[in-house]
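Enquirer: There's a structure below that I have some questions on.
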Amino acid sequence: MSELCLECGGPGGQYNHTCEDCFRASTEPSKLPQVLKMKICLRCNYMVNPSTNQRVVEWEKGIEEVVRDALVLHKSAALRSLEIDRHERDDYLMDLRVGAGCDIMGLKFTQEHTSELRITYGVCNRCSRQYGNYYEAIIQLRGGRRSLSEEELDYAVGAVEKRVAGSGAENAFITRAERIHRGLDFYLGDKSLAKEIARELQHYFGGSYLESFSLVGRKDGKDVYRTTYLVRAPDYRAGDFVSYHNRIFLLEKAGEKSAAIYNLITGKSKTLKERELDKLKVIEGDVVEAVVVSISEKEAQLLDPVSYKTVSVLTPIPLTPGETVRVFRYEGGLYLVPTSYAKK
Ligand SMILES: [Zn+2]
Ligand SMILES: [Zn+2]
C-alpha cells in the first residue's frame with residue numbers, strides 16, 4: 001500500500017511520512033560552522049591540539065581532521081564522502097570549500113559548505129623538548145679495541161634515524177647525534193625507543209650491551225633518571241681473518257654470543273660459543289690475486305704475486321692450472337678465500 005505525503009499530499013510517504021522531494025526539501029544532512037580554527041607547530045608543521053599542545057598530524061591532513069570534527073551530521077545521516085578544496089588567502093587564513101556526501105534512509109545527499117579556516121601558530125610539546133635539548137636516554141655505540149668503520153658508522157646513523165622516524169611516540173626524536181672517537185652518541189627523547197634501538201644495534205653488530213642510570217634531578221617530587229645504553233661492538237667483525245688455536249679462519253658471522261668461522265684450509269665452518277670467543281685474534285694480511293701454476297692431490301702451487309715465489313697451498317676445492325684465484329696472504333703463506341668473500 002502506498003502512503004500519501006503529509007506535506008504535499010502526493011504519492012509516497014516512506015520518508016518520515018513525506019515523499020522524497022518534501023523530505024529532501026526539509027532535511028539538512030550536515031552543518032559546518034562558518035569559522036574553523038587550527039593551530040600549527042612552527043617547527044614541525046604538524047597540527048597541534050590546542051588544549052594539550054601535542055602534535056596530531058601533518059597540517060594538510062589536519063585540515064580534514066578539523067573539518068570532520070566540526071561537521072555536524074543529521075541524526076540519521078552517515079557520511080559517505082568528504083572533499084575539501086582550499087584556497088590560502090595568507091598564512092593565517094584559508095577558504096575551504098567542503099563537499100560532503102551523506103546517506104539518509106537510503107537517499108544520497110550532496111552538499112557544499114564554505115568556511116574560513118583561521119590559523120594560529122605555536123610550538124608543540126615535542127618540538128619544544130627537542131629544540132630545548134631534552135633527552136631521556138643516550139645510546140653509546142663503541143668499537144671496542146678497533147674503531148668502527150665509516151660504513152658501520154653510516155649504517156648506525158641510518159638505522160637510528162629510520163627507527164626514530166618510523167616511531168609514533170611523542171618524544172621520538174634525536175636531540176643530537178655526535179661522532180666521537182671510536183663511536184657514536186645518540187641523544188634521544190624517548191627512553192623505551194632508545195632501548196629498542198640499542199638492542200637492535202647490538203643484534204646487528206654483536207658484542208655487549210650495558211644499561212646504566214644517572215640521577216639528573218627531581219621533577220614533581222620524583223627523581224629523574226637518565227639512561228645510557230652502551231653497545232660495544234666486538235673486536236672482530238664478519239669478513240675479518242682470524243687466528244684460532246694457531247689456525248687461520250675467515251670470520252663468517254659475528255653474533256651476540258657466538259661466531260661462525262670458516263677454515264681456509266679444510267673449507268669447514270665451525271660455530272664458536274661465547275666462552276671460546278676470547279681465543280679469536282684478528283690478523284692483518286692482504287687479499288691478493290694469484291695464478292695457479294700446477295696442481296697435485298689436495299694441493300695447488302700458486303705464484304705469490306708479491307714475492308714471485310711458488311707457494312704450496314692446501315685447498316678445499318679443486319683448482320685448474322692457469323686459473324686466477326684470490327688468496328689471503330699472511331706471514332708468507334697463502335690461503336684460498338671462498339668466492340663468496342666480498343670485503344675490501
Ligand atoms: Zn511531498
Ligand atoms: Zn612541532
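Residue numbering restarts at 1 for every chain of the C-alpha cells, chains are lettered A, B, ... in their displayed order, and ligands are numbered from 1 as they appear.
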Need to verify the contact set: Arg163 of chain A, 9 Å, only C-alpha atoms, exclusion of same-chain residues closer than 6 positions in sequence. Can you return it as a list in words?
Expert: Ala172, Leu193 and Ile197 of chain A
Enquirer: Report the residues of segment 47-84 of chain A whose backbone DSSP state falls under alpha helix (DSSP H), written as a PyMOL selection string.
Expert: chain A and resi 59-70
Enquirer: List all protein, DNA and RNA residues that have any atom at most 9 Å from ligand 2, counting only C-alpha atoms and all ligand atoms, and write the list as number ranges by chain.
Expert: A: 40-48, 54-55, 122-128, 130
Enquirer: Using only C-alpha atoms and all ligand atoms, find each protein or nucleic acid residue lying at most 9 Å from ligand 1; present the set as a PyMOL selection string.
Expert: chain A and resi 4-13+17-23
Enquirer: Let me see the file: selected residues, C-alpha atoms, as a short mmCIF file (atom, residue, chain, number, x, y, z; two decimals), in the first residue's frame.
Expert:
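Resulting contents of result_19.cif:
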```
data_model
loop_
_atom_site.label_atom_id
_atom_site.label_comp_id
_atom_site.auth_asym_id
_atom_site.auth_seq_id
_atom_site.Cartn_x
_atom_site.Cartn_y
_atom_site.Cartn_z
CA LEU A 4 0.45 9.72 0.84
CA CYS A 5 2.85 12.53 1.73
CA LEU A 6 1.78 14.50 4.79
CA GLU A 7 3.36 17.66 3.33
CA CYS A 8 2.11 17.80 -0.24
CA GLY A 9 -0.47 15.05 -0.29
CA GLY A 10 1.23 13.45 -3.25
CA PRO A 11 2.07 9.78 -3.51
CA GLY A 12 4.94 8.30 -1.49
CA GLY A 13 5.28 8.76 2.27
CA HIS A 17 5.62 10.18 6.18
CA THR A 18 6.74 12.52 3.42
CA CYS A 19 7.68 11.98 -0.21
CA GLU A 20 11.28 12.13 -1.38
CA ASP A 21 11.01 15.71 -2.67
CA CYS A 22 9.48 17.06 0.50
CA PHE A 23 11.93 15.06 2.63
#
```
Enquirer: Determine, counting only C-alpha atoms, which protein, DNA and RNA residues have an atom within 10 Å of an atom of segment 316-321 of chain A; residues of the same chain fewer than 2 positions away are not included. Present the result as a ChimeraX atom specification.
Expert: /A:263-268,291-302,313-314,323-325,336-338
Enquirer: What's around Glu284 of chain A at 9 Å? Count only C-alpha atoms, leave out sequence neighbours fewer than 3 positions away in its own chain, and write the answer as a PyMOL selection string.
Expert: chain A and resi 240-242+330
Enquirer: Please produce a file of those selected residues containing C-alpha atoms, as a PDB file, in the first residue's frame.
Expert:
```
ATOM      1  CA  ASP A 240      87.908 -10.446   9.278  1.00  0.00           C
ATOM      2  CA  PHE A 241      90.630 -13.030   9.083  1.00  0.00           C
ATOM      3  CA  VAL A 242      91.285 -14.532  12.466  1.00  0.00           C
ATOM      4  CA  TYR A 330      99.722 -13.908   5.785  1.00  0.00           C
TER       5      TYR A 330
END
```
Enquirer: For Leu215 of chain A, list every protein, DNA or RNA residue within 12 Å, evaluated using only C-alpha atoms, and leave out those in the same chain fewer than 6 positions away; present the list as a list in words.
Expert: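 The contact residues come out as Glu136, Ala137, Lys222, Asp223, Val224, Tyr225, Arg226, Thr227 and Thr228 of chain A.
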Enquirer: Excluding Tyr92 of chain A and any residue of its chain fewer than 5 positions from it, enumerate the residues within 12 Å of it, using only C-alpha atoms, and give them as a PDB file with C-alpha atoms, in the first residue's frame.
Expert:
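And here is the file that came out, selection00.pdb:
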```pdb
ATOM      1  CA  LEU A  36      37.113  26.841  11.805  1.00  0.00           C
ATOM      2  CA  LYS A  37      40.386  27.010  13.718  1.00  0.00           C
ATOM      3  CA  MET A  38      43.650  25.178  13.523  1.00  0.00           C
ATOM      4  CA  LYS A  39      46.961  25.532  15.327  1.00  0.00           C
ATOM      5  CA  ILE A  40      50.152  24.581  13.541  1.00  0.00           C
ATOM      6  CA  HIS A  87      42.461  28.438  -1.051  1.00  0.00           C
ATOM      7  CA  GLU A 116      37.115  30.010   6.635  1.00  0.00           C
ATOM      8  CA  LEU A 117      39.941  28.342   8.475  1.00  0.00           C
ATOM      9  CA  ARG A 118      41.826  30.588  10.852  1.00  0.00           C
ATOM     10  CA  ILE A 119      45.344  29.500  11.592  1.00  0.00           C
ATOM     11  CA  THR A 120      47.419  30.184  14.651  1.00  0.00           C
ATOM     12  CA  TYR A 121      50.974  29.082  15.272  1.00  0.00           C
TER      13      TYR A 121
END
```
Enquirer: Considering only C-alpha atoms, state which residue in the set A:Ser147, A:Ser212, A:Asn171, A:Gln140 is at the smallest distance from Ala198 of chain A.
Expert: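 Distance minimum relative to Ala198 of chain A lands on A:Gln140.
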Enquirer: Contacts of Asp190 of chain A at 10 Å or less, counting only C-alpha atoms, minus same-chain residues fewer than 4 places along, as a list in words?
Expert: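 In the requested form, the answer reads Tyr134, Tyr135, Glu136, Ala137, Ile138, Val164, Ala169, Glu170, Asn171, Ala172, Phe173, Ile174, Ala194 and Lys195 of chain A.
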Enquirer: DSSP says strand (DSSP E or B) for which residues of segment 45-251 of chain A? Put them as number ranges by chain?
Expert: A: 46-48, 55-58, 72-73, 77-90, 93-104, 107-122, 137-142, 174-180, 183-188, 208-219, 222-232, 241-244, 247-251
Enquirer: Counting only C-alpha atoms, which residue out of A:Glu178, A:Glu88, A:Asp154, A:Asp286 sits closest to Tyr335 of chain A?
Expert: A:Asp286
Enquirer: One number please: atom CA of Pro50 of chain A to atom CA of Ile63 of chain A, in Å, one decimal.
Expert: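 Going from atom CA of Pro50 of chain A over to atom CA of Ile63 of chain A covers 14.2 Å.
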Enquirer: From the options A:Gln34, A:Ser149, A:Thr27, A:Thr315, which residue's atoms come nearest to Val67 of chain A, counting only C-alpha atoms?
Expert: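 Ranking A:Gln34, A:Ser149, A:Thr27, A:Thr315 by distance to Val67 of chain A, first place goes to A:Gln34.
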Enquirer: Measure the distance from atom CA of Glu289 of chain A to atom CA of Arg326 of chain A in Å and round it to one decimal.
Expert: 4.4 Å
Enquirer: Have a look at A:Leu334, A:Ile248, A:Val98, A:Ile283 and name the one nearest to Ser307 of chain A; count only C-alpha atoms.
Expert: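 Once distances to Ser307 of chain A are computed over only C-alpha atoms, the minimum belongs to A:Leu334.
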